[in-house]
$ cat protein-v6.txt   # compact mmCIF, C-alpha atoms and all ligand atoms
# COMPACT_ATOMS: atom_id res chain seq x y z
CA MET L 16 18.21 20.14 -0.38
CA PHE L 17 17.59 16.44 -0.18
CA GLY L 18 19.82 16.34 2.87
CA PHE L 19 17.71 18.98 4.57
CA LYS L 20 14.53 17.02 3.94
CA THR L 21 16.03 13.92 5.53
CA TRP L 22 17.37 15.91 8.46
CA ARG L 23 13.93 17.38 9.08
CA ARG L 24 12.33 13.95 8.88
CA LYS L 25 14.77 12.64 11.47
CA ARG L 26 13.80 15.44 13.85
CA TRP L 27 10.11 14.69 13.40
CA ALA L 28 10.70 10.97 13.88
CA GLY L 29 12.36 11.68 17.22
CA GLN L 30 9.42 13.57 18.68
CA SER L 31 7.51 11.91 21.45
CA PHE L 32 4.39 10.05 20.44
CA PRO L 33 1.20 11.49 21.99
CA GLU L 34 -0.76 9.14 24.21
CA SER L 35 -3.97 9.94 22.38
CA TRP L 36 -2.38 8.68 19.16
CA GLN L 37 -1.24 5.54 20.92
CA ALA L 38 -4.85 5.00 21.99
CA VAL L 39 -5.96 5.32 18.34
CA LEU L 40 -3.43 2.67 17.32
CA LEU L 41 -4.68 0.31 20.01
CA ARG L 42 -8.28 0.87 19.05
CA ASN L 43 -8.10 0.99 15.25
CA VAL L 44 -4.90 -0.67 14.08
CA PRO L 45 -4.58 -4.06 15.79
CA TYR L 46 -1.74 -4.95 13.41
CA VAL L 47 0.60 -2.75 15.43
CA SER L 48 0.41 -4.87 18.58
CA HIS L 49 1.78 -7.85 16.62
CA LEU L 50 4.95 -6.00 15.64
CA PRO L 51 8.08 -6.63 17.68
CA ALA L 52 8.78 -3.84 20.19
CA GLU L 53 11.57 -2.24 18.15
CA LEU L 54 9.36 -2.04 15.07
CA GLN L 55 6.52 -0.54 17.11
CA GLU L 56 8.90 2.16 18.20
CA LYS L 57 10.14 2.71 14.68
CA LEU L 58 6.55 2.92 13.48
CA GLN L 59 5.82 5.76 15.88
CA GLY L 60 8.62 7.78 14.31
CA LEU L 61 7.37 7.04 10.82
CA VAL L 62 3.85 8.12 11.76
CA GLN L 63 5.27 11.42 13.04
CA VAL L 64 7.02 11.99 9.71
CA PHE L 65 3.91 11.07 7.78
CA LEU L 66 1.69 13.43 9.72
CA HIS L 67 4.14 16.33 9.52
CA GLU L 68 4.79 15.94 5.85
CA LYS L 69 1.61 14.79 4.15
CA HIS L 70 -1.50 16.84 3.86
CA PHE L 71 -4.88 15.32 4.78
CA GLU L 72 -8.18 16.55 3.47
CA GLY L 73 -11.70 15.48 4.32
CA CYS L 74 -14.04 15.26 1.33
CA ALA L 75 -17.83 15.18 0.96
CA GLY L 76 -18.30 16.73 4.38
CA LEU L 77 -15.91 14.49 6.29
CA GLU L 78 -14.34 16.36 9.18
CA MET L 79 -10.65 15.52 9.44
CA THR L 80 -9.57 14.28 12.87
CA ASP L 81 -6.41 12.94 14.47
CA GLU L 82 -8.10 9.56 14.66
CA ILE L 83 -8.45 9.40 10.87
CA ARG L 84 -4.96 10.76 10.24
CA VAL L 85 -3.24 8.42 12.68
CA THR L 86 -5.18 5.34 11.52
CA ILE L 87 -4.19 5.95 7.91
CA ALA L 88 -0.62 7.10 8.57
CA ALA L 89 0.12 4.07 10.73
CA GLN L 90 -0.96 1.57 8.11
CA ALA L 91 0.82 3.40 5.30
CA SER L 92 3.94 3.46 7.47
CA ILE L 93 3.84 -0.29 8.12
CA LEU L 94 4.85 -0.73 4.47
CA LEU L 95 7.92 1.41 5.15
CA LEU L 96 9.12 -0.33 8.32
CA GLY L 97 12.04 -1.82 6.40
CA ILE L 98 13.58 1.49 5.33
CA GLU L 99 16.97 2.17 6.83
CA ASP L 100 16.98 5.93 6.71
CA LEU L 101 14.43 8.58 5.89
CA THR L 102 15.67 9.68 2.46
CA TYR L 103 12.70 7.86 1.00
CA PHE L 104 9.25 8.46 2.43
CA TYR L 105 6.57 8.32 -0.28
CA ASN L 106 8.47 11.23 -1.78
CA ASP L 107 5.98 11.95 -4.55
CA LEU L 108 2.98 11.82 -2.26
CA ARG L 109 1.61 15.16 -1.18
CA SER L 110 -1.89 14.58 0.08
CA VAL L 111 -4.38 12.03 1.26
CA LEU L 112 -8.02 12.74 0.45
CA VAL L 113 -10.56 10.96 2.63
CA TYR L 114 -14.24 10.39 1.89
CA PRO L 115 -16.62 9.13 4.59
CA GLU L 116 -17.62 6.11 2.49
CA PRO L 117 -17.18 4.72 -1.03
CA TYR L 118 -17.57 7.62 -3.42
CA VAL L 119 -18.87 7.87 -6.93
CA VAL L 120 -16.79 9.18 -9.79
CA LYS L 121 -17.77 10.05 -13.31
CA ILE L 122 -15.75 8.06 -15.80
CA LYS L 123 -15.25 8.46 -19.52
CA ASN L 124 -14.10 5.65 -21.74
CA ARG L 125 -13.00 6.74 -25.16
CA HIS L 126 -13.58 3.83 -27.50
CA SER L 127 -12.84 5.71 -30.69
CA SER L 128 -12.75 9.30 -31.79
CA PHE L 129 -16.51 9.16 -32.29
CA PHE L 130 -17.66 7.14 -29.34
CA VAL L 131 -17.14 8.09 -25.74
CA GLN L 132 -18.90 6.08 -23.08
CA GLU L 133 -19.70 7.89 -19.88
CA GLY L 134 -20.75 6.39 -16.64
CA PHE L 135 -20.41 6.36 -12.91
CA GLN L 136 -18.28 4.07 -10.83
CA GLN L 137 -18.18 3.52 -7.11
CA ARG L 138 -14.68 3.50 -5.59
CA ARG L 139 -13.20 2.58 -2.23
CA GLY L 140 -9.89 4.19 -2.91
CA GLU L 141 -7.33 5.07 -5.52
CA ALA L 142 -3.78 6.26 -5.88
CA TRP L 143 -2.89 8.87 -8.44
CA GLU L 144 0.48 9.26 -10.01
CA ARG L 145 0.36 12.97 -9.29
CA GLY L 146 0.81 12.56 -5.60
CA HIS L 147 -2.63 11.90 -4.18
CA VAL L 148 -4.11 8.89 -2.50
CA VAL L 149 -7.90 8.82 -2.11
CA LEU L 150 -9.54 6.62 0.52
CA ALA L 151 -12.99 5.88 1.92
CA TRP L 152 -12.81 6.10 5.71
CA ASP L 153 -15.26 3.29 6.49
CA GLU L 154 -13.26 1.00 4.18
CA VAL L 155 -10.02 2.07 5.87
CA ARG L 156 -11.46 0.98 9.21
CA LYS L 157 -12.82 -2.26 7.85
CA GLY L 158 -9.46 -3.10 6.28
CA ALA L 159 -7.61 -2.36 9.51
CA SER L 160 -9.94 -4.31 11.80
CA ASP L 161 -9.26 -7.80 10.42
CA ILE L 162 -5.54 -8.33 10.08
CA HIS L 163 -5.74 -11.88 8.71
CA ASP L 164 -8.21 -11.60 5.83
CA GLY L 165 -5.70 -10.33 3.28
CA GLU L 166 -7.77 -7.23 2.58
CA ASN L 167 -6.47 -3.87 3.59
CA LEU L 168 -7.36 -0.77 1.60
CA VAL L 169 -4.49 1.35 2.92
CA PHE L 170 -1.88 -1.34 2.16
CA HIS L 171 -3.44 -1.68 -1.29
CA GLU L 172 -3.42 1.99 -2.25
CA PHE L 173 0.00 2.71 -0.79
CA ALA L 174 1.40 -0.29 -2.64
CA HIS L 175 0.21 1.49 -5.80
CA GLN L 176 2.00 4.61 -4.61
CA LEU L 177 5.24 2.65 -4.10
CA ASP L 178 4.75 1.05 -7.49
CA TYR L 179 4.47 4.47 -9.17
CA GLU L 180 7.58 5.70 -7.44
CA TYR L 181 9.72 2.58 -7.86
CA GLY L 182 8.29 1.22 -11.10
CA ALA L 183 7.86 -2.12 -9.33
CA THR L 184 5.59 -3.61 -11.97
CA ASP L 185 7.06 -1.90 -15.04
CA GLN L 186 8.81 -4.99 -16.27
CA ILE L 187 6.85 -7.89 -14.96
CA GLU L 188 4.72 -8.41 -18.05
CA GLN L 189 7.63 -8.84 -20.40
CA ASP L 190 9.18 -12.16 -21.21
CA HIS L 191 12.25 -12.73 -19.16
CA ASP L 192 14.27 -15.65 -20.36
CA GLU L 193 17.55 -13.81 -20.21
CA SER L 194 19.36 -14.54 -17.01
CA HIS L 195 20.55 -10.96 -16.62
CA TYR L 196 17.03 -9.73 -15.92
CA LEU L 197 16.25 -8.92 -12.36
CA SER L 198 14.93 -11.89 -10.49
CA TRP L 199 12.17 -9.59 -9.23
CA ALA L 200 10.70 -9.23 -12.71
CA ARG L 201 11.24 -12.91 -13.47
CA VAL L 202 9.68 -14.24 -10.29
CA VAL L 203 6.81 -11.77 -9.96
CA GLY L 204 6.11 -11.92 -13.71
CA GLY L 205 6.10 -15.73 -13.62
CA GLU L 206 3.79 -15.78 -10.61
CA TYR L 207 1.48 -13.31 -12.35
CA GLN L 208 1.19 -15.58 -15.40
CA LYS L 209 0.49 -18.63 -13.22
CA PHE L 210 -2.07 -16.61 -11.30
CA LEU L 211 -3.87 -15.50 -14.49
CA HIS L 212 -4.02 -19.12 -15.55
CA ALA L 213 -5.46 -20.23 -12.20
CA ILE L 214 -8.12 -17.51 -12.36
CA GLU L 215 -9.04 -18.54 -15.89
CA GLN L 216 -9.46 -22.09 -14.64
CA ASN L 217 -11.67 -20.85 -11.81
CA GLN L 218 -9.26 -22.20 -9.23
CA GLN L 219 -9.30 -21.01 -5.64
CA THR L 220 -6.37 -18.71 -5.02
CA LEU L 221 -4.82 -17.33 -1.86
CA ILE L 222 -4.20 -14.10 -3.74
CA ASP L 223 -7.29 -11.95 -4.36
CA ALA L 224 -8.73 -12.54 -7.85
CA TYR L 225 -8.84 -8.77 -8.39
CA GLY L 226 -5.11 -9.04 -8.99
CA ALA L 227 -5.86 -10.49 -12.42
CA THR L 228 -6.91 -7.01 -13.59
CA SER L 229 -3.35 -5.87 -14.33
CA PRO L 230 0.24 -6.25 -13.07
CA ALA L 231 -0.27 -3.13 -10.95
CA GLU L 232 -3.31 -4.63 -9.23
CA PHE L 233 -1.44 -7.91 -8.82
CA PHE L 234 1.30 -6.06 -6.97
CA ALA L 235 -1.26 -4.31 -4.74
CA VAL L 236 -3.06 -7.54 -3.78
CA ILE L 237 0.14 -9.53 -3.21
CA THR L 238 1.19 -6.71 -0.89
CA GLU L 239 -2.04 -7.18 1.06
CA ALA L 240 -1.41 -10.94 1.22
CA PHE L 241 2.23 -10.44 2.20
CA PHE L 242 1.31 -8.35 5.22
CA GLU L 243 -1.90 -10.08 6.28
CA LYS L 244 -1.38 -13.71 5.22
CA PRO L 245 2.39 -13.99 5.29
CA VAL L 246 2.63 -17.56 6.56
CA GLU L 247 0.25 -18.91 3.91
CA LEU L 248 1.90 -16.84 1.20
CA ARG L 249 5.36 -18.10 2.16
CA HIS L 250 4.02 -21.66 2.18
CA LYS L 251 2.22 -21.50 -1.19
CA HIS L 252 4.43 -19.02 -3.04
CA PRO L 253 7.87 -19.17 -1.39
CA GLU L 254 9.71 -17.45 -4.26
CA LEU L 255 7.20 -14.65 -4.42
CA TYR L 256 7.35 -14.25 -0.67
CA ARG L 257 11.14 -13.98 -0.82
CA GLN L 258 10.96 -11.28 -3.50
CA LEU L 259 8.46 -9.26 -1.47
CA GLN L 260 10.58 -9.77 1.61
CA GLU L 261 13.49 -8.20 -0.24
CA PHE L 262 11.36 -5.42 -1.68
CA TYR L 263 9.86 -4.42 1.67
CA ARG L 264 12.89 -5.53 3.72
CA GLN L 265 10.51 -7.11 6.18
CA ASP L 266 9.47 -10.59 7.23
CA PRO L 267 5.84 -10.41 8.40
CA ALA L 268 5.70 -14.23 8.71
CA SER L 269 8.08 -13.90 11.64
CA TYR L 270 5.61 -11.89 13.73
CA LEU L 271 2.17 -12.52 12.25
CA SER L 272 1.22 -16.15 12.65
CA ALA L 273 -1.81 -17.48 10.83
ZN ZN G 1 -5.80 -1.10 -7.00
$ encode --input "protein-v6.txt" --output "structure tokens" --more "lines below"
Ligand SMILES: [Zn+2]
Amino acid sequence: MFGFKTWRRKRWAGQSFPESWQAVLLRNVPYVSHLPAELQEKLQGLVQVFLHEKHFEGCAGLEMTDEIRVTIAAQASILLLGIEDLTYFYNDLRSVLVYPEPYVVKIKNRHSSFFVQEGFQQRRGEAWERGHVVLAWDEVRKGASDIHDGENLVFHEFAHQLDYEYGATDQIEQDHDESHYLSWARVVGGEYQKFLHAIEQNQQTLIDAYGATSPAEFFAVITEAFFEKPVELRHKHPELYRQLQEFYRQDPASYLSA
């Protein structure tokens, strides 16, 4: 069955890329024009797979269009440019829900069995373990328009999706003195601790301070930095850069200069 899925993805990836989609990429996803030609071509195939396989839904009155679908699919697919075949393609992800702008959710915090705090929170996006990513369209566009500011909502939420599926941050909070531990956990965990310390000291950091929330958020914001500020990240955090380079099997510093 798995073989069939991959076979189908290969067929989709080989379909020709509509000109109207190409125009959307040019207009909304400037990142693409920085990719080397062979990666641009690969990206087109990945976008085809994404759009065939994942369901998109407009929420709060947003009408779903090809422009929205292509803009999101292209950025989500940039994270996958390093994959060698199509056996993996956000396999747990089923649908992408899109709101026109940041949306409000009702939250409940259970402090004890007697005290539950309820409130409302505004969100730009989120990734759920059950196979949904939720995004605010105006934030998607904003994130895509500046490719050097280290902020990209789609990269952020799809990094969470990868994290769920790969367990990328499962181990990074543990103490890893033993040499047999994966260098991923050692390096990323060590960088996370240093980062927490720098934030506590109110130091300026290249990595977004929001990453101090949790290891999962740290992974999401270092992904944003890796793709949008690769040269600076490699300069300031060479070990971390190398780990991300292995994880994503890509070297954004080679095509995205500062
Ligand atoms: Zn997040």
$ residues_near_ligand --input "protein-v6.txt" --ligand "ligand ZN 1 (chain G)" --cutoff "8 Å" --atoms "all atoms listed in the file" --output "list in words"
Gly140, Glu141, Ala142, His171, Glu172, His175, Ala231, Glu232, Ala235 and Val236 of chain L
$ residues_around --input "protein-v6.txt" --residues "segment 147-150 of chain L" --least-positions-apart "5" --cutoff "8 Å" --atoms "all atoms listed in the file" --output "PDB file with C-alpha atoms, in the coordinates of the input"
ATOM      1  CA  LEU L 108       2.980  11.820  -2.260  1.00  0.00           C
ATOM      2  CA  ARG L 109       1.610  15.160  -1.180  1.00  0.00           C
ATOM      3  CA  SER L 110      -1.890  14.580   0.080  1.00  0.00           C
ATOM      4  CA  VAL L 111      -4.380  12.030   1.260  1.00  0.00           C
ATOM      5  CA  LEU L 112      -8.020  12.740   0.450  1.00  0.00           C
ATOM      6  CA  VAL L 113     -10.560  10.960   2.630  1.00  0.00           C
ATOM      7  CA  TYR L 114     -14.240  10.390   1.890  1.00  0.00           C
ATOM      8  CA  ARG L 139     -13.200   2.580  -2.230  1.00  0.00           C
ATOM      9  CA  GLY L 140      -9.890   4.190  -2.910  1.00  0.00           C
ATOM     10  CA  GLU L 141      -7.330   5.070  -5.520  1.00  0.00           C
ATOM     11  CA  ALA L 142      -3.780   6.260  -5.880  1.00  0.00           C
ATOM     12  CA  VAL L 155     -10.020   2.070   5.870  1.00  0.00           C
ATOM     13  CA  LEU L 168      -7.360  -0.770   1.600  1.00  0.00           C
ATOM     14  CA  VAL L 169      -4.490   1.350   2.920  1.00  0.00           C
ATOM     15  CA  GLU L 172      -3.420   1.990  -2.250  1.00  0.00           C
ATOM     16  CA  PHE L 173       0.000   2.710  -0.790  1.00  0.00           C
ATOM     17  CA  GLN L 176       2.000   4.610  -4.610  1.00  0.00           C
TER      18      GLN L 176
END
$ closest_residue --input "protein-v6.txt" --among "L:Arg145, L:His163, L:Arg201, L:Lys57" --to "Asp100 of chain L" --atoms "all atoms listed in the file"
L:Lys57
$ closest_residue --input "protein-v6.txt" --among "L:Leu248, L:Val119, L:Ala151, L:Leu61" --to "Leu77 of chain L" --atoms "all atoms listed in the file"
L:Ala151
$ residues_around --input "protein-v6.txt" --residues "Ala240 of chain L" --least-positions-apart "2" --cutoff "10 Å" --atoms "all atoms listed in the file" --output "list in words"
His163, Asp164, Gly165, Glu166, Asn167, Phe170, His171, Leu221, Ile222, Asp223, Phe234, Ala235, Val236, Ile237, Thr238, Phe242, Glu243, Lys244, Pro245, Val246, Glu247, Leu248, Arg249 and Tyr256 of chain L
$ closest_residue --input "protein-v6.txt" --among "L:Gly76, L:Pro33, L:Pro253, L:Gly97" --to "Leu58 of chain L" --atoms "only C-alpha atoms"
L:Gly97
$ atom_distance --input "protein-v6.txt" --atom1 "atom CA of Ile162 of chain L" --atom2 "atom CA of His49 of chain L"
9.8 Å
$ atom_distance --input "protein-v6.txt" --atom1 "atom CA of Lys20 of chain L" --atom2 "atom CA of Leu50 of chain L"
27.5 Å
$ residues_near_point --input "protein-v6.txt" --point "(4.8, 4.6, 11.1)" --cutoff "6 Å" --atoms "all atoms listed in the file" --output "PyMOL selection string"
chain L and resi 58-62+89+92-93
$ write_last_selection --input "protein-v6.txt" --atoms "C-alpha atoms" --output "compact mmCIF listing (two decimals), keeping the file's coordinate frame"
# COMPACT_ATOMS: atom_id res chain seq x y z
CA LEU L 58 6.55 2.92 13.48
CA GLN L 59 5.82 5.76 15.88
CA GLY L 60 8.62 7.78 14.31
CA LEU L 61 7.37 7.04 10.82
CA VAL L 62 3.85 8.12 11.76
CA ALA L 89 0.12 4.07 10.73
CA SER L 92 3.94 3.46 7.47
CA ILE L 93 3.84 -0.29 8.12
$ closest_residue --input "protein-v6.txt" --among "L:Glu99, L:Asp161, L:Glu72, L:Asp107" --to "Glu239 of chain L" --atoms "only C-alpha atoms"
L:Asp161
$ residues_around --input "protein-v6.txt" --residues "Trp27 of chain L" --least-positions-apart "4" --cutoff "10 Å" --atoms "all atoms listed in the file" --output "list of chain:residue names"
L:Thr21, L:Trp22, L:Arg23, L:Ser31, L:Gly60, L:Leu61, L:Val62, L:Gln63, L:Val64, L:Phe65, L:Leu66, L:His67, L:Glu68
$ write_last_selection --input "protein-v6.txt" --atoms "C-alpha atoms" --output "PDB file, in the frame of the given file"
ATOM      1  CA  THR L  21      16.030  13.920   5.530  1.00  0.00           C
ATOM      2  CA  TRP L  22      17.370  15.910   8.460  1.00  0.00           C
ATOM      3  CA  ARG L  23      13.930  17.380   9.080  1.00  0.00           C
ATOM      4  CA  SER L  31       7.510  11.910  21.450  1.00  0.00           C
ATOM      5  CA  GLY L  60       8.620   7.780  14.310  1.00  0.00           C
ATOM      6  CA  LEU L  61       7.370   7.040  10.820  1.00  0.00           C
ATOM      7  CA  VAL L  62       3.850   8.120  11.760  1.00  0.00           C
ATOM      8  CA  GLN L  63       5.270  11.420  13.040  1.00  0.00           C
ATOM      9  CA  VAL L  64       7.020  11.990   9.710  1.00  0.00           C
ATOM     10  CA  PHE L  65       3.910  11.070   7.780  1.00  0.00           C
ATOM     11  CA  LEU L  66       1.690  13.430   9.720  1.00  0.00           C
ATOM     12  CA  HIS L  67       4.140  16.330   9.520  1.00  0.00           C
ATOM     13  CA  GLU L  68       4.790  15.940   5.850  1.00  0.00           C
TER      14      GLU L  68
END
$ atom_distance --input "protein-v6.txt" --atom1 "atom CA of Gln216 of chain L" --atom2 "atom CA of Pro230 of chain L"
18.6 Å
$ closest_residue --input "protein-v6.txt" --among "L:Val39, L:Ile214, L:Ala268, L:Ala227" --to "Arg156 of chain L" --atoms "only C-alpha atoms"
L:Val39
$ residues_around --input "protein-v6.txt" --residues "Gln265 of chain L" --least-positions-apart "6" --cutoff "10 Å" --atoms "all atoms listed in the file" --output "ChimeraX atom specification"
/L:93-98,241-242,257,259
